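Q: If you scroll down you'll find the structure; I have some questions about it.
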Amino acid sequence: MKSLLFLVLISVCWAEPHPDNSSLEHERIIHIQENGPRLLVVAEQAKIFSHRGGNVTLPCKFYHEHTSTAGSGTHKIRVKWTKLTSDYLKEVDVFVAMGHHRKSYGNYQGRVFLRESSENDASLIITNLILEDYGRYKCEIIEGLEDDTAVVALNLEGVVFPYSPRLGRYNLNFHEAQRACLDQDSVIASFDQLYDAWRSGLDWCNAGWLSDGSVQYPITKPREPCGGKNTVPGVRNYGFWDKDKSQYDVFCFTSNFNGRFYYLIHPTKLTYDEAIQACVKDGAQIAKVGQIFAAWKLLGYDRCDAGWLADGSVRYPISRPRKRCSPNEAAVRFVGFPDKKHKLYGVYCFRSYN
C-alpha cells in the first residue's frame with residue numbers, strides 16, 4: 001500500500017520548494033510525470049499503386065498518443081524518408097526535412113517533396129516515376145529523443161519477362177543480368193513481382209536472377225523437366241548464389257512507356273542493320289525487348305509478323321491466340337537470334353514522346 005501511494009505521489013506534477021523548511025533553498029520535492037504522450041507515425045495505406053511516368057503520394061502522418069497535436073512544440077520535427085533495399089539489409093536515403101531545410105538524394109533530386117497538407121502531414125510526393133522507384137519506403141519522424149516509423153510499399157503496373165542473351169541459356173552473372181535488363185528498357189525483377197506474375201499465369205522452366213540476389217523460376221504446370229510432374233505449382237527457389245561467378249538467366253520487369261510501339265510497314269524484309277536504319281529513317285529507333293512485352297501485356301498489342309528487336313532477337317506479340325499465330329496461348333513468341341547479316345525479317349520500332 002505504501003509503494004502504491006508513493007507511485008501516485010510521484011506521477012502528479014512538477015518541482016517546488018519544500019513547504020516545511022523554506023530555509024533549505026536548494027531542497028526540492030521532485031514530481032515525475034510518466035507515460036506522457038507518445039509519438040505515433042501512421043501510413044493510411046500500406047500499398048500504393050502507380051505506373052512509370054506518373055506521380056504518387058506515399059502517405060505518412062504523425063501524432064502524439066491521446067492528443068490531437070502534431071508535436072510537443074519543444075523540439076523541431078525531423079522527417080526522414082528512406083528506401084529499403086530488396087534484401088532489407090540497407091536503407092537508401094531519399095529525402096530529409098527539418099524546419100525550412102530540405103534535402104533530396106540520388107536520382108530522387110528534383111522529383112520529391114513533402115505534401116504538408118497539415119502540420120502533421122509528412123507524406124512524400126514522388127513525380128515522374130521511374131522503374132527503379134518500385135519498392136518499400138520508410139517514413140521516420142524524429143522529435144527530440146522520440147521517434148517512430150511507418151513503411152509504405154510502392155507498386156508499379158507492369159510485366160515480368162524472362163530474358164537470356166544471344167549466348168544462350170545460363171550465361172549471365174548477377175551484374176550482367178542487371179545490365180541486360182537495363183539495356184532492354186527494364187530492371188531486374190523483385191521476388192514480389194515474380195510472385196505476382198506467377199499468380200497471373202507466368203510459367204517458365206529456366207531459373208533466373210532476382211533483385212535480391214536469389215535465383216528462382218515460376219511453374220504453373222508441373223512437369224518432369226521442371227522439378228517433377230508430381231510437385232505443386234509455385235515459385236521454385238534455387239537460393240542465393242555467387243553474384244560474380246554463378247550464371248543464370250534473369251527475370252526483368254518493365255512498365256508502360258511514353259511513346260509509340262509499332263511494326264514498321266516496309267516494302268521488303270530487312271537484315272538487322274537495315275532494320276535499325278529503317279526505324280531511324282521513320283523518326284524512331286529499333287524497339288527493345290521490354291517495350292514489346294509492355295505493348296503486349298499493357299496495351300494488348302497483337303501482330304503475327306516476326307520482327308527484329310534491339311538485342312538482335314526476333315519476336316512477335318500475340319494477345320489473341322489463333323491458328324499459325326500462337327494457337328494455344330497469348331504470348332510474346334520468340335523466334336531466336338538469327339544471323340544479323342543474312343536473315344531477313346520485319347522490324348518493330350519505338351518512337352518516344354519525350
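For the C-alpha cells, the naming scheme is as follows: chains receive sequential letters (A, B, ...) according to their order of presentation, residues are indexed from 1 within each chain, and ligands are indexed from 1 in presentation order.
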Taking the DSSP secondary structure from the backbone, can you list the residues of range 123-315 of chain A that are strand (DSSP E), as a PyMOL selection string?
A: chain A and resi 124-126+135-143+146-156+159-163+187-188+208-209+214-219+234-240+249-254+259-263+285-286+307-308+314-315
Q: Give me, as an MDAnalysis selection string, all polymer residues having an atom no more than 10 Å from range 301-310 of chain A, counting only C-alpha atoms and skipping those fewer than 6 positions away in the same chain.
A: chainID A and resid 183:184 261:264 269:273 275:276 285:295 316:322 324:326 330:338 340 344:349
Q: Given the choices A:Tyr137, A:Phe253, A:Phe161, A:Phe350, which gets closest to Lys80 in chain A if the distance is worked out from only C-alpha atoms?
A: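 The answer is A:Tyr137, which sits nearest to Lys80 in chain A.
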Q: Sorted by chain and rising residue number, list the residues of range 141-231 of chain A at most 12 Å from range 35-50 of chain A (counting only C-alpha atoms), each with its closest atom pair and distance in Å to one decimal, as CSV.
A:
```
residue,atom,partner,partner_atom,distance
A:Ile141,CA,A:Val41,CA,7.0
A:Ile142,CA,A:Leu39,CA,8.7
A:Glu143,CA,A:Leu39,CA,8.1
A:Gly144,CA,A:Leu39,CA,10.5
A:Leu145,CA,A:Leu39,CA,10.1
A:Glu146,CA,A:Leu39,CA,6.5
A:Asp147,CA,A:Leu39,CA,6.6
A:Asp148,CA,A:Val41,CA,5.6
A:Thr149,CA,A:Val41,CA,5.6
A:Ala150,CA,A:Val42,CA,5.9
A:Val151,CA,A:Ala46,CA,7.0
A:Val152,CA,A:Ala46,CA,4.9
A:Ala153,CA,A:Lys47,CA,4.7
A:Leu154,CA,A:Ile48,CA,5.0
A:Asn155,CA,A:Phe49,CA,4.8
A:Leu156,CA,A:Ser50,CA,5.0
A:Glu157,CA,A:Ser50,CA,6.2
A:Gly158,CA,A:Ser50,CA,9.6
```
Q: Any chance you can output those residues with all heavy atoms as a compact mmCIF listing (two decimals), in the first residue's frame?
A:
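To be explicit, this is the file written out as part-v9.txt:
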```
# COMPACT_ATOMS: atom_id res chain seq x y z
N ILE A 141 9.85 9.77 -38.29
CA ILE A 141 9.67 11.07 -37.65
C ILE A 141 10.47 11.08 -36.36
O ILE A 141 10.34 10.17 -35.53
CB ILE A 141 8.19 11.35 -37.34
CG1 ILE A 141 7.33 11.18 -38.61
CG2 ILE A 141 8.02 12.74 -36.74
CD1 ILE A 141 7.68 12.15 -39.71
N ILE A 142 11.28 12.11 -36.19
CA ILE A 142 12.14 12.24 -35.01
C ILE A 142 11.83 13.56 -34.32
O ILE A 142 11.85 14.62 -34.95
CB ILE A 142 13.62 12.18 -35.39
CG1 ILE A 142 13.91 10.89 -36.17
CG2 ILE A 142 14.51 12.27 -34.15
CD1 ILE A 142 15.25 10.89 -36.86
N GLU A 143 11.51 13.50 -33.02
CA GLU A 143 11.27 14.69 -32.21
C GLU A 143 12.00 14.53 -30.88
O GLU A 143 11.57 13.77 -30.01
CB GLU A 143 9.78 14.91 -31.97
CG GLU A 143 9.50 16.21 -31.22
CD GLU A 143 8.02 16.35 -30.87
OE1 GLU A 143 7.32 15.33 -30.82
OE2 GLU A 143 7.59 17.50 -30.64
N GLY A 144 13.11 15.22 -30.74
CA GLY A 144 13.91 15.08 -29.53
C GLY A 144 14.42 13.66 -29.41
O GLY A 144 15.06 13.12 -30.31
N LEU A 145 14.08 12.99 -28.29
CA LEU A 145 14.51 11.61 -28.07
C LEU A 145 13.48 10.61 -28.56
O LEU A 145 13.70 9.40 -28.47
CB LEU A 145 14.76 11.38 -26.57
CG LEU A 145 15.88 12.22 -25.94
CD1 LEU A 145 15.99 11.93 -24.46
CD2 LEU A 145 17.21 11.94 -26.64
N GLU A 146 12.37 11.09 -29.07
CA GLU A 146 11.32 10.20 -29.56
C GLU A 146 11.40 10.03 -31.07
O GLU A 146 11.75 10.96 -31.80
CB GLU A 146 9.94 10.75 -29.21
CG GLU A 146 9.55 10.64 -27.76
CD GLU A 146 8.06 10.90 -27.58
OE1 GLU A 146 7.27 9.95 -27.68
OE2 GLU A 146 7.71 12.07 -27.38
N ASP A 147 11.07 8.82 -31.55
CA ASP A 147 10.94 8.61 -32.98
C ASP A 147 10.02 7.42 -33.23
O ASP A 147 9.85 6.55 -32.37
CB ASP A 147 12.32 8.39 -33.63
CG ASP A 147 12.90 7.04 -33.28
OD1 ASP A 147 13.51 6.92 -32.19
OD2 ASP A 147 12.75 6.11 -34.08
N ASP A 148 9.44 7.40 -34.40
CA ASP A 148 8.60 6.29 -34.80
C ASP A 148 8.63 6.21 -36.33
O ASP A 148 9.00 7.19 -37.01
CB ASP A 148 7.16 6.47 -34.30
CG ASP A 148 6.35 5.19 -34.38
OD1 ASP A 148 6.96 4.11 -34.43
OD2 ASP A 148 5.10 5.26 -34.39
N THR A 149 8.26 5.05 -36.87
CA THR A 149 8.35 4.84 -38.31
C THR A 149 7.10 4.17 -38.85
O THR A 149 6.34 3.54 -38.12
CB THR A 149 9.57 3.97 -38.67
OG1 THR A 149 9.41 2.67 -38.06
CG2 THR A 149 10.86 4.60 -38.19
N ALA A 150 6.92 4.30 -40.16
CA ALA A 150 5.88 3.57 -40.89
C ALA A 150 6.47 3.20 -42.25
O ALA A 150 7.31 3.92 -42.80
CB ALA A 150 4.63 4.42 -41.06
N VAL A 151 6.03 2.08 -42.81
CA VAL A 151 6.54 1.59 -44.09
C VAL A 151 5.41 1.55 -45.11
O VAL A 151 4.30 1.10 -44.81
CB VAL A 151 7.18 0.20 -43.94
CG1 VAL A 151 7.60 -0.36 -45.30
CG2 VAL A 151 8.38 0.26 -43.00
N VAL A 152 5.70 2.04 -46.32
CA VAL A 152 4.74 2.07 -47.42
C VAL A 152 5.36 1.38 -48.63
O VAL A 152 6.52 1.65 -48.98
CB VAL A 152 4.35 3.51 -47.80
CG1 VAL A 152 3.29 3.50 -48.89
CG2 VAL A 152 3.86 4.27 -46.59
N ALA A 153 4.62 0.48 -49.27
CA ALA A 153 5.10 -0.20 -50.47
C ALA A 153 4.57 0.51 -51.71
O ALA A 153 3.37 0.80 -51.81
CB ALA A 153 4.64 -1.65 -50.47
N LEU A 154 5.47 0.81 -52.64
CA LEU A 154 5.10 1.41 -53.92
C LEU A 154 5.17 0.34 -55.01
O LEU A 154 6.25 -0.17 -55.31
CB LEU A 154 6.02 2.58 -54.26
CG LEU A 154 5.88 3.18 -55.66
CD1 LEU A 154 4.45 3.69 -55.90
CD2 LEU A 154 6.89 4.31 -55.87
N ASN A 155 4.03 -0.01 -55.57
CA ASN A 155 3.96 -0.99 -56.65
C ASN A 155 3.72 -0.28 -57.98
O ASN A 155 2.95 0.68 -58.04
CB ASN A 155 2.83 -2.00 -56.41
CG ASN A 155 3.15 -2.94 -55.26
OD1 ASN A 155 4.27 -2.96 -54.76
ND2 ASN A 155 2.16 -3.69 -54.82
N LEU A 156 4.35 -0.79 -59.03
CA LEU A 156 4.16 -0.23 -60.36
C LEU A 156 3.44 -1.25 -61.24
O LEU A 156 3.75 -2.45 -61.21
CB LEU A 156 5.51 0.13 -61.00
CG LEU A 156 6.34 1.20 -60.30
CD1 LEU A 156 7.65 1.44 -61.06
CD2 LEU A 156 5.57 2.51 -60.19
N GLU A 157 2.50 -0.75 -62.03
CA GLU A 157 1.86 -1.60 -63.02
C GLU A 157 2.91 -1.98 -64.06
O GLU A 157 3.68 -1.14 -64.52
CB GLU A 157 0.71 -0.83 -63.69
CG GLU A 157 0.01 -1.62 -64.78
CD GLU A 157 -0.98 -0.78 -65.56
OE1 GLU A 157 -0.80 0.45 -65.61
OE2 GLU A 157 -1.93 -1.36 -66.13
N GLY A 158 2.94 -3.25 -64.43
CA GLY A 158 3.95 -3.64 -65.40
C GLY A 158 3.89 -5.12 -65.73
O GLY A 158 2.89 -5.80 -65.49
```
Q: Tell me, in Å to one decimal, how far CA of Phe257 in chain A is from CA of Trp296 in chain A.
A: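 So the two atoms, CA of Phe257 in chain A and CA of Trp296 in chain A, lie 12.1 Å apart.
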Q: Per DSSP on the backbone, filter range 175-344 of chain A down to the residues in helix (DSSP H, G or I) and report them as an NGL selection string.
A: :A and (175-183 or 191-199 or 224-226 or 272-281 or 289-299)
